[in-house]
Amino acid sequence: MNKIILYVTMHALLCGSLLHGEQINLNILLAPVPLEAKFQDSDYYIWGGSMIKDLDGLCHLLYSRWPRKLGHNAWVTHSEIAHAVADSPLGPFKHVDVALPVRGSYFWDGHCTHNPTLHEFEGKYYTILHRKQRG
């Protein structure tokens, strides 16, 4: 997904510059990602983070995670939504809690809570996420 975003951004910059007869130096626009901006957990795979900054300036990240020991494909059966915070959008983020845990087979969506997105509307925060139905 990041490659697609980068491609679309670069394409838009190049097309805009070419239309106006300008030359563009892509080396100036590209820089390495700071190490503290990379959110990792040695015990979990992390996927689909969505960040929002609250009124106090604290950055909240909701993300899908599932145990590494179960393998990559366990996202279908063991994914949960976790919560991390940081003072900056570039981190470093610290895990705080599990916002939406695996709920079990009693529920149609109980084994896979995945891909959250955060939204603010009229001072309240909402999440939209994908829950995979079994079978």
# chains A, B, ... in the order shown; residues from 1 in each chain; ligands from 1

call {"tool": "select_by_dssp", "arguments": {"residues": "region 15-74 of chain A", "states": "strand (DSSP E)", "output": "ChimeraX atom specification"}}
result
/A:44-53,59-67

call {"tool": "closest_atom_pairs", "arguments": {"of": "region 40-61 of chain A", "to": "region 116-130 of chain A", "cutoff": "8 Å", "atoms": "only C-alpha atoms", "output": "JSON lines"}}
result
{"residue": "A:Gly48", "atom": "CA", "partner": "A:Pro116", "partner_atom": "CA", "distance": 6.6}
{"residue": "A:Gly49", "atom": "CA", "partner": "A:Pro116", "partner_atom": "CA", "distance": 6.9}
{"residue": "A:Ser50", "atom": "CA", "partner": "A:Thr117", "partner_atom": "CA", "distance": 5.0}
{"residue": "A:Met51", "atom": "CA", "partner": "A:Leu118", "partner_atom": "CA", "distance": 6.5}
{"residue": "A:Ile52", "atom": "CA", "partner": "A:Leu118", "partner_atom": "CA", "distance": 6.5}

call {"tool": "write_last_selection", "arguments": {"atoms": "N, CA and C atoms", "output": "JSON list (two decimals), in the first residue's frame"}}
result
[["chain", "number", "residue", "atom", "x", "y", "z"],
["A", 48, "GLY", "N", -2.04, -2.55, 9.37],
["A", 48, "GLY", "CA", -3.17, -1.64, 9.22],
["A", 48, "GLY", "C", -3.33, -0.58, 10.29],
["A", 49, "GLY", "N", -2.28, 0.10, 10.67],
["A", 49, "GLY", "CA", -2.39, 1.13, 11.69],
["A", 49, "GLY", "C", -3.13, 2.38, 11.21],
["A", 50, "SER", "N", -3.88, 2.97, 12.10],
["A", 50, "SER", "CA", -4.59, 4.22, 11.82],
["A", 50, "SER", "C", -4.37, 5.14, 13.02],
["A", 51, "MET", "N", -3.86, 6.36, 12.76],
["A", 51, "MET", "CA", -3.47, 7.28, 13.82],
["A", 51, "MET", "C", -4.33, 8.53, 13.79],
["A", 52, "ILE", "N", -4.59, 9.05, 14.98],
["A", 52, "ILE", "CA", -5.30, 10.32, 15.11],
["A", 52, "ILE", "C", -4.70, 11.08, 16.29]]

call {"tool": "residues_around", "arguments": {"residues": "Pro92 (chain A)", "least_positions_apart": "5", "cutoff": "8 Å", "atoms": "only C-alpha atoms", "output": "tab-separated table (two decimals) with C-alpha atoms, in the first residue's frame"}}
result
chain	number	residue	atom	x	y	z
A	36	GLU	CA	11.51	5.72	15.96
A	37	ALA	CA	8.71	5.99	13.38
A	38	LYS	CA	8.82	2.23	12.78
A	39	PHE	CA	6.40	0.53	15.17
A	86	ALA	CA	3.04	8.68	21.17
A	87	ASP	CA	3.75	12.38	21.53

call {"tool": "closest_residue", "arguments": {"among": "A:Cys112, A:Ala99, A:Cys59, A:Leu90", "to": "Asn73 (chain A)", "atoms": "only C-alpha atoms"}}
result
A:Cys112

call {"tool": "closest_residue", "arguments": {"among": "A:Leu26, A:Ala84, A:Leu35, A:Val98", "to": "Leu58 (chain A)", "atoms": "only C-alpha atoms"}}
result
A:Ala84

call {"tool": "select_by_dssp", "arguments": {"residues": "region 2-127 of chain A", "states": "alpha helix (DSSP H)", "output": "PyMOL selection string"}}
result
chain A and resi 2-19+26-29+75-78

call {"tool": "write_last_selection", "arguments": {"atoms": "C-alpha atoms", "output": "compact mmCIF listing (two decimals), in the first residue's frame"}}
result
# COMPACT_ATOMS: atom_id res chain seq x y z
CA ASN A 2 2.84 2.41 0.84
CA LYS A 3 4.35 1.75 -2.60
CA ILE A 4 1.04 2.68 -4.23
CA ILE A 5 0.81 5.91 -2.23
CA LEU A 6 4.41 6.75 -3.07
CA TYR A 7 3.80 6.00 -6.76
CA VAL A 8 0.66 8.15 -6.93
CA THR A 9 2.39 11.01 -5.09
CA MET A 10 5.46 10.88 -7.31
CA HIS A 11 3.33 10.64 -10.44
CA ALA A 12 1.29 13.69 -9.41
CA LEU A 13 4.44 15.70 -8.63
CA LEU A 14 6.10 14.77 -11.90
CA CYS A 15 3.02 15.43 -14.03
CA GLY A 16 2.40 18.76 -12.34
CA SER A 17 5.99 19.83 -12.84
CA LEU A 18 6.14 18.69 -16.43
CA LEU A 19 2.93 20.54 -17.27
CA LEU A 26 13.31 13.84 -6.44
CA ASN A 27 16.37 13.34 -4.22
CA ILE A 28 15.34 16.38 -2.18
CA LEU A 29 11.86 14.93 -1.61
CA TRP A 75 -4.53 -12.96 11.09
CA VAL A 76 -7.69 -14.74 9.93
CA THR A 77 -8.24 -16.45 13.29
CA HIS A 78 -6.38 -14.43 15.92

call {"tool": "closest_residue", "arguments": {"among": "A:Asp43, A:Ser105, A:Lys94, A:Ile24", "to": "Lys69 (chain A)", "atoms": "only C-alpha atoms"}}
result
A:Asp43

call {"tool": "atom_distance", "arguments": {"atom1": "CA of Val96 (chain A)", "atom2": "CA of Leu61 (chain A)"}}
result
9.8 Å

call {"tool": "residues_around", "arguments": {"residues": "Ile46 (chain A)", "least_positions_apart": "6", "cutoff": "9 Å", "atoms": "only C-alpha atoms", "output": "MDAnalysis selection string"}}
result
chainID A and resid 39:40 63:66

call {"tool": "decode", "arguments": {"residues": "region 15-119 of chain A", "atoms": "C-alpha atoms", "output": "compact mmCIF listing (two decimals), in the first residue's frame"}}
result
# COMPACT_ATOMS: atom_id res chain seq x y z
CA CYS A 15 3.02 15.43 -14.03
CA GLY A 16 2.40 18.76 -12.34
CA SER A 17 5.99 19.83 -12.84
CA LEU A 18 6.14 18.69 -16.43
CA LEU A 19 2.93 20.54 -17.27
CA HIS A 20 4.45 23.74 -15.93
CA GLY A 21 7.83 23.18 -17.60
CA GLU A 22 9.60 22.85 -14.24
CA GLN A 23 12.37 20.44 -13.36
CA ILE A 24 12.00 18.50 -10.14
CA ASN A 25 14.75 17.02 -7.97
CA LEU A 26 13.31 13.84 -6.44
CA ASN A 27 16.37 13.34 -4.22
CA ILE A 28 15.34 16.38 -2.18
CA LEU A 29 11.86 14.93 -1.61
CA LEU A 30 12.93 11.46 -0.48
CA ALA A 31 14.43 10.77 2.92
CA PRO A 32 14.88 7.70 5.11
CA VAL A 33 12.12 6.97 7.61
CA PRO A 34 13.35 7.69 11.16
CA LEU A 35 13.84 4.49 13.19
CA GLU A 36 11.51 5.72 15.96
CA ALA A 37 8.71 5.99 13.38
CA LYS A 38 8.82 2.23 12.78
CA PHE A 39 6.40 0.53 15.17
CA GLN A 40 7.31 -3.11 15.80
CA ASP A 41 6.64 -5.81 18.37
CA SER A 42 8.79 -8.93 18.45
CA ASP A 43 5.84 -11.04 19.69
CA TYR A 44 3.19 -9.82 17.23
CA TYR A 45 2.68 -9.13 13.55
CA ILE A 46 1.37 -5.57 13.14
CA TRP A 47 -0.91 -4.49 10.28
CA GLY A 48 -3.17 -1.64 9.22
CA GLY A 49 -2.39 1.13 11.69
CA SER A 50 -4.59 4.22 11.82
CA MET A 51 -3.47 7.28 13.82
CA ILE A 52 -5.30 10.32 15.11
CA LYS A 53 -4.12 13.24 17.24
CA ASP A 54 -6.40 14.17 20.15
CA LEU A 55 -7.14 17.70 21.41
CA ASP A 56 -4.21 17.47 23.85
CA GLY A 57 -1.79 16.63 21.02
CA LEU A 58 -1.36 12.97 21.98
CA CYS A 59 -1.21 10.61 19.00
CA HIS A 60 -3.33 7.46 19.26
CA LEU A 61 -2.68 4.49 16.99
CA LEU A 62 -5.13 1.62 16.52
CA TYR A 63 -3.64 -1.35 14.70
CA SER A 64 -4.30 -5.00 13.96
CA ARG A 65 -2.02 -7.51 15.61
CA TRP A 66 -1.76 -11.27 16.01
CA PRO A 67 0.86 -13.58 17.62
CA ARG A 68 3.97 -14.25 15.53
CA LYS A 69 4.26 -17.74 17.00
CA LEU A 70 1.05 -18.68 15.12
CA GLY A 71 2.41 -17.58 11.74
CA HIS A 72 1.40 -14.86 9.30
CA ASN A 73 -1.84 -16.53 8.19
CA ALA A 74 -3.20 -16.48 11.77
CA TRP A 75 -4.53 -12.96 11.09
CA VAL A 76 -7.69 -14.74 9.93
CA THR A 77 -8.24 -16.45 13.29
CA HIS A 78 -6.38 -14.43 15.92
CA SER A 79 -6.33 -10.77 14.88
CA GLU A 80 -7.25 -8.14 17.46
CA ILE A 81 -7.17 -4.36 17.56
CA ALA A 82 -4.54 -2.87 19.87
CA HIS A 83 -3.93 0.72 21.00
CA ALA A 84 -0.61 2.58 21.22
CA VAL A 85 0.24 6.22 21.98
CA ALA A 86 3.04 8.68 21.17
CA ASP A 87 3.75 12.38 21.53
CA SER A 88 4.48 12.68 17.81
CA PRO A 89 2.95 11.15 14.67
CA LEU A 90 6.45 9.81 13.96
CA GLY A 91 6.62 8.02 17.31
CA PRO A 92 7.98 6.33 19.15
CA PHE A 93 4.65 4.61 19.86
CA LYS A 94 4.14 2.57 23.02
CA HIS A 95 1.54 -0.21 23.28
CA VAL A 96 -1.14 0.71 25.86
CA ASP A 97 -3.89 -1.88 25.68
CA VAL A 98 -6.06 -4.10 23.51
CA ALA A 99 -9.06 -2.13 22.30
CA LEU A 100 -10.98 -4.97 20.60
CA PRO A 101 -9.85 -8.49 21.54
CA VAL A 102 -10.67 -11.76 19.81
CA ARG A 103 -14.18 -12.63 21.05
CA GLY A 104 -14.37 -16.31 20.15
CA SER A 105 -16.52 -18.53 17.98
CA TYR A 106 -19.75 -17.53 19.73
CA PHE A 107 -19.82 -14.42 17.52
CA TRP A 108 -19.94 -14.33 13.71
CA ASP A 109 -16.94 -12.00 13.72
CA GLY A 110 -15.26 -13.32 16.85
CA HIS A 111 -12.00 -14.59 15.35
CA CYS A 112 -10.84 -11.74 13.17
CA THR A 113 -11.02 -8.08 14.05
CA HIS A 114 -8.81 -6.36 11.50
CA ASN A 115 -7.83 -3.14 9.62
CA PRO A 116 -9.08 -0.31 11.85
CA THR A 117 -9.42 3.30 10.75
CA LEU A 118 -9.89 6.18 13.16
CA HIS A 119 -12.12 9.18 12.50
